[in-house]
Amino acid sequence: MAFVFKKQIFGFMDLLRFKKMVPKRRKIMAEAPATPLPATYKVNETAKILHPGYQSATLTEVRLETADMKTYVFETEKPFYFRAGQYATLGCNAGGSEVSRPYAFSSSPREALAKKAAFTVKKAGFFSEWLFDNAKPGDKFVIGDPSGDFCYEPIKDAKQIVAIAGGSGITPFYSMAQALADGTDDYSLTLFYGAKTAADLAFRSRLDALAAQMPGKFKVVYVTEKEEEGCEHGFVNLALVKKYVDGDFTVMMCGPSAMYAFQDKELAPLGLPLKRVKKEANCVGVRDAAPAVYDLTVHIGFDTFKVKADAGETLLVAMERAGLKVPSKCRAGGCGFCHSRLVAGKFSIAGADKRRLADGKFGYIHPCCTYPDSDMEIVVPKA
């Protein structure tokens, strides 16, 4: 006779196994050694070494890559690890305010194990301009935990990656190319690198050297707006991709939002599934809004602060401008690190990330992608 429960059929033998289960477990527990569990495990100790969290770093070298891009090389306090394509926050006291911004690593993950990290930054914004004009070897910075999922995923990505870089969007792909060269990763990479002119192409000689070192595994195609020697001219489009790539591939893009919109239309005929198209999120910037300044009340722990918030800037920028130390990583509404509770006020969310739109329904916001539309009051976690 069988018993039916939730459309699952349990027979006599199943009941017999269940009846014997408890006595069997008790016997095993009674026979187990009484040795106390270790206070720590090697895997946890290794994880702490590779992921030390925020740490101090000393700027050791500054290299000019193009007229408006520099590479900043750091020696970190501790060894750490990241995946090629990831980013970390880089912070310091800039102009009297504690400021941090997320930048993709332009060095290899293997170098991080030797306490070395590099970021290549384009001069385009408050902190990047401050770095460009003021940072010098010997200066102290803070580097955060590596974050982000803009990297090769062996389980869901094709073995062939088509990378499309625009301007400073080359940085994660330069890290990926180095990781291929030193054996950290294993896949084939075809890089389409677009810029206005050949003079705006960073790492060109080093990318060429890497391509020569890895024939059949790494290929780079330079694309400039005008005809220049050694470059395709125009824009990266479907025809150009088909010219250099065939077979199954995953597309990864890093560049300005306008480039993403253009590529979405160009690559649509390929019918790639969503998981095969990756875009690195752009930091949320200034919005076009009617001039207005609102009162922002910020609760951090047991402290309360009053801050002026401009309608055109995010709440995160308003708090940083006031000198408050608040949590931030991606500055694009993607990582969830600045998740804060909304007490009162009206607001707008940058972008169309449905996760961030849903947060508002449950009384939460992310200051990095939230603009004030009225006086507001929020509770922010400690940094």
# chains A, B, ... in the order shown; residues from 1 in each chain; ligands from 1
>>> closest_atom_pairs(of="region 110-188 of chain A", to="region 194-215 of chain A", cutoff="7 Å", atoms="only C-alpha atoms", output="tab-separated table")
residue	atom	partner	partner_atom	distance
A:Ala165	CA	A:Gly194	CA	6.1
A:Gly166	CA	A:Gly194	CA	5.0
A:Gly167	CA	A:Ala195	CA	5.5
>>> write_last_selection(atoms="C-alpha atoms", output="PDB file, in the first residue's frame")
ATOM      1  CA  ALA A 165      35.976  49.426 -25.630  1.00  0.00           C
ATOM      2  CA  GLY A 166      35.370  53.127 -26.021  1.00  0.00           C
ATOM      3  CA  GLY A 167      37.866  55.665 -24.664  1.00  0.00           C
TER       4      GLY A 167
END
>>> closest_atom_pairs(of="region 66-96 of chain A", to="region 318-341 of chain A", cutoff="12 Å", atoms="only C-alpha atoms", output="tab-separated table")
residue	atom	partner	partner_atom	distance
A:Gln86	CA	A:Cys330	CA	10.6
A:Tyr87	CA	A:Cys330	CA	8.3
A:Ala88	CA	A:Lys329	CA	7.3
A:Thr89	CA	A:Lys329	CA	5.9
A:Leu90	CA	A:Lys329	CA	9.3
A:Gly91	CA	A:Lys329	CA	10.5
A:Cys92	CA	A:Lys325	CA	11.4
A:Asn93	CA	A:Gly323	CA	10.0
A:Ala94	CA	A:Gly323	CA	10.7
A:Gly95	CA	A:Arg321	CA	10.2
A:Gly96	CA	A:Gly323	CA	8.1
>>> closest_residue(among="A:Val284, A:Leu357, A:Ala258, A:Ile378", to="Gly125 (chain A)", atoms="only C-alpha atoms")
A:Val284
>>> atom_distance(atom1="CA of Leu267 (chain A)", atom2="CA of Gly247 (chain A)")
14.5 Å
>>> closest_atom_pairs(of="region 76-178 of chain A", to="region 49-52 of chain A", cutoff="12 Å", atoms="only C-alpha atoms", output="CSV")
residue,atom,partner,partner_atom,distance
A:Thr76,CA,A:Pro52,CA,10.7
A:Glu77,CA,A:Pro52,CA,9.6
A:Lys78,CA,A:Pro52,CA,7.3
A:Pro79,CA,A:Leu50,CA,6.5
A:Phe80,CA,A:Leu50,CA,4.2
A:Tyr81,CA,A:Leu50,CA,5.3
A:Phe82,CA,A:Leu50,CA,8.5
A:Arg83,CA,A:Leu50,CA,11.6
A:Pro109,CA,A:Leu50,CA,11.0
A:Arg110,CA,A:Leu50,CA,11.4
A:Ala112,CA,A:Leu50,CA,9.2
A:Leu113,CA,A:Leu50,CA,7.9
A:Ala114,CA,A:Leu50,CA,11.1
A:Lys115,CA,A:Leu50,CA,10.6
A:Ile143,CA,A:Pro52,CA,10.3
A:Gly144,CA,A:Pro52,CA,8.9
A:Asp145,CA,A:His51,CA,7.0
A:Pro146,CA,A:His51,CA,8.3
A:Ser147,CA,A:His51,CA,10.8
>>> write_last_selection(atoms="N, CA and C atoms", output="compact mmCIF listing (two decimals), in the first residue's frame")
# COMPACT_ATOMS: atom_id res chain seq x y z
N THR A 76 50.33 48.26 -2.23
CA THR A 76 49.32 48.11 -1.19
C THR A 76 49.95 47.59 0.11
N GLU A 77 49.24 47.80 1.19
CA GLU A 77 49.72 47.36 2.50
C GLU A 77 49.78 45.84 2.60
N LYS A 78 48.80 45.17 1.96
CA LYS A 78 48.72 43.72 2.02
C LYS A 78 48.50 43.15 0.62
N PRO A 79 48.88 41.89 0.41
CA PRO A 79 48.52 41.24 -0.86
C PRO A 79 47.02 41.02 -0.91
N PHE A 80 46.47 40.99 -2.11
CA PHE A 80 45.04 40.75 -2.26
C PHE A 80 44.80 40.13 -3.63
N TYR A 81 43.55 39.92 -3.97
CA TYR A 81 43.25 39.29 -5.26
C TYR A 81 41.97 39.88 -5.84
N PHE A 82 41.92 39.94 -7.15
CA PHE A 82 40.71 40.36 -7.85
C PHE A 82 40.62 39.57 -9.15
N ARG A 83 39.48 39.65 -9.79
CA ARG A 83 39.29 39.00 -11.09
C ARG A 83 39.42 40.06 -12.18
N PRO A 109 45.60 40.50 -12.11
CA PRO A 109 45.31 39.97 -10.77
C PRO A 109 46.55 39.38 -10.11
N ARG A 110 47.45 38.81 -10.90
CA ARG A 110 48.65 38.20 -10.32
C ARG A 110 49.53 39.25 -9.65
N ALA A 112 48.51 41.76 -7.98
CA ALA A 112 47.93 42.11 -6.68
C ALA A 112 48.47 41.21 -5.57
N LEU A 113 48.82 39.97 -5.93
CA LEU A 113 49.39 39.06 -4.94
C LEU A 113 50.77 39.54 -4.48
N ALA A 114 51.41 40.37 -5.32
CA ALA A 114 52.70 40.96 -4.97
C ALA A 114 52.54 42.38 -4.44
N LYS A 115 51.33 42.71 -4.01
CA LYS A 115 51.00 44.02 -3.41
C LYS A 115 51.18 45.18 -4.40
N ILE A 143 42.38 51.86 -0.81
CA ILE A 143 41.79 51.03 -1.86
C ILE A 143 40.79 50.08 -1.22
N GLY A 144 39.59 50.00 -1.78
CA GLY A 144 38.54 49.16 -1.23
C GLY A 144 38.59 47.74 -1.76
N ASP A 145 37.63 46.96 -1.33
CA ASP A 145 37.50 45.57 -1.78
C ASP A 145 37.21 45.53 -3.28
N PRO A 146 37.87 44.66 -4.04
CA PRO A 146 37.51 44.48 -5.45
C PRO A 146 36.05 44.04 -5.57
N SER A 147 35.35 44.61 -6.52
CA SER A 147 33.92 44.31 -6.69
C SER A 147 33.58 44.25 -8.18
>>> closest_residue(among="A:Ala181, A:Val277, A:Val121, A:Ile164", to="Ala67 (chain A)", atoms="only C-alpha atoms")
A:Val121
>>> closest_residue(among="A:Asp133, A:Glu280, A:Asp186, A:Asp246", to="Asp157 (chain A)", atoms="only C-alpha atoms")
A:Asp186
>>> select_by_dssp(residues="region 67-196 of chain A", states="strand (DSSP E)", output="PyMOL selection string")
chain A and resi 69-76+87-94+97-104+116-122+140-143+160-166+188-195
>>> atom_distance(atom1="CA of Val380 (chain A)", atom2="CA of Val298 (chain A)")
6.8 Å
>>> residues_around(residues="Pro273 (chain A)", least_positions_apart="6", cutoff="12 Å", atoms="only C-alpha atoms", output="PyMOL selection string")
chain A and resi 156-158+248-251+267
>>> residues_around(residues="Gln263 (chain A)", least_positions_apart="6", cutoff="12 Å", atoms="only C-alpha atoms", output="list in words")
Ala163, Ile164, Ala165, Gly166, Phe235, Val236, Asn237, Leu238, Ala239, Leu240, Val241, Val251, Met252, Met253, Cys254, Gly255, Pro256, Ser257, Pro269, Leu270, Val277, Lys278 and Lys279 of chain A
>>> select_by_dssp(residues="region 46-108 of chain A", states="alpha helix (DSSP H)", output="compact mmCIF listing (two decimals) with C-alpha atoms, in the first residue's frame")
# COMPACT_ATOMS: atom_id res chain seq x y z
CA THR A 46 43.50 32.21 3.13
CA ALA A 47 40.29 34.13 2.36
CA LYS A 48 41.23 36.81 4.90
CA ILE A 49 44.65 37.17 3.28
CA LEU A 50 43.29 37.45 -0.26
>>> residues_around(residues="Ala84 (chain A)", least_positions_apart="5", cutoff="7 Å", atoms="only C-alpha atoms", output="list in words")
Ser108, Pro109, Cys151, Pro172, Ser175, Met176 and Ala179 of chain A
>>> closest_residue(among="A:Asn44, A:Thr190, A:Gln55, A:Gln178", to="Lys159 (chain A)", atoms="only C-alpha atoms")
A:Thr190
>>> closest_residue(among="A:Ala39, A:Ala135, A:Val317, A:Ala350", to="Val73 (chain A)", atoms="only C-alpha atoms")
A:Ala135
>>> closest_residue(among="A:Val307, A:Met69, A:Ile155, A:Leu59", to="Ala118 (chain A)", atoms="only C-alpha atoms")
A:Leu59
>>> atom_distance(atom1="CA of Gly216 (chain A)", atom2="CA of Ser188 (chain A)")
7.4 Å
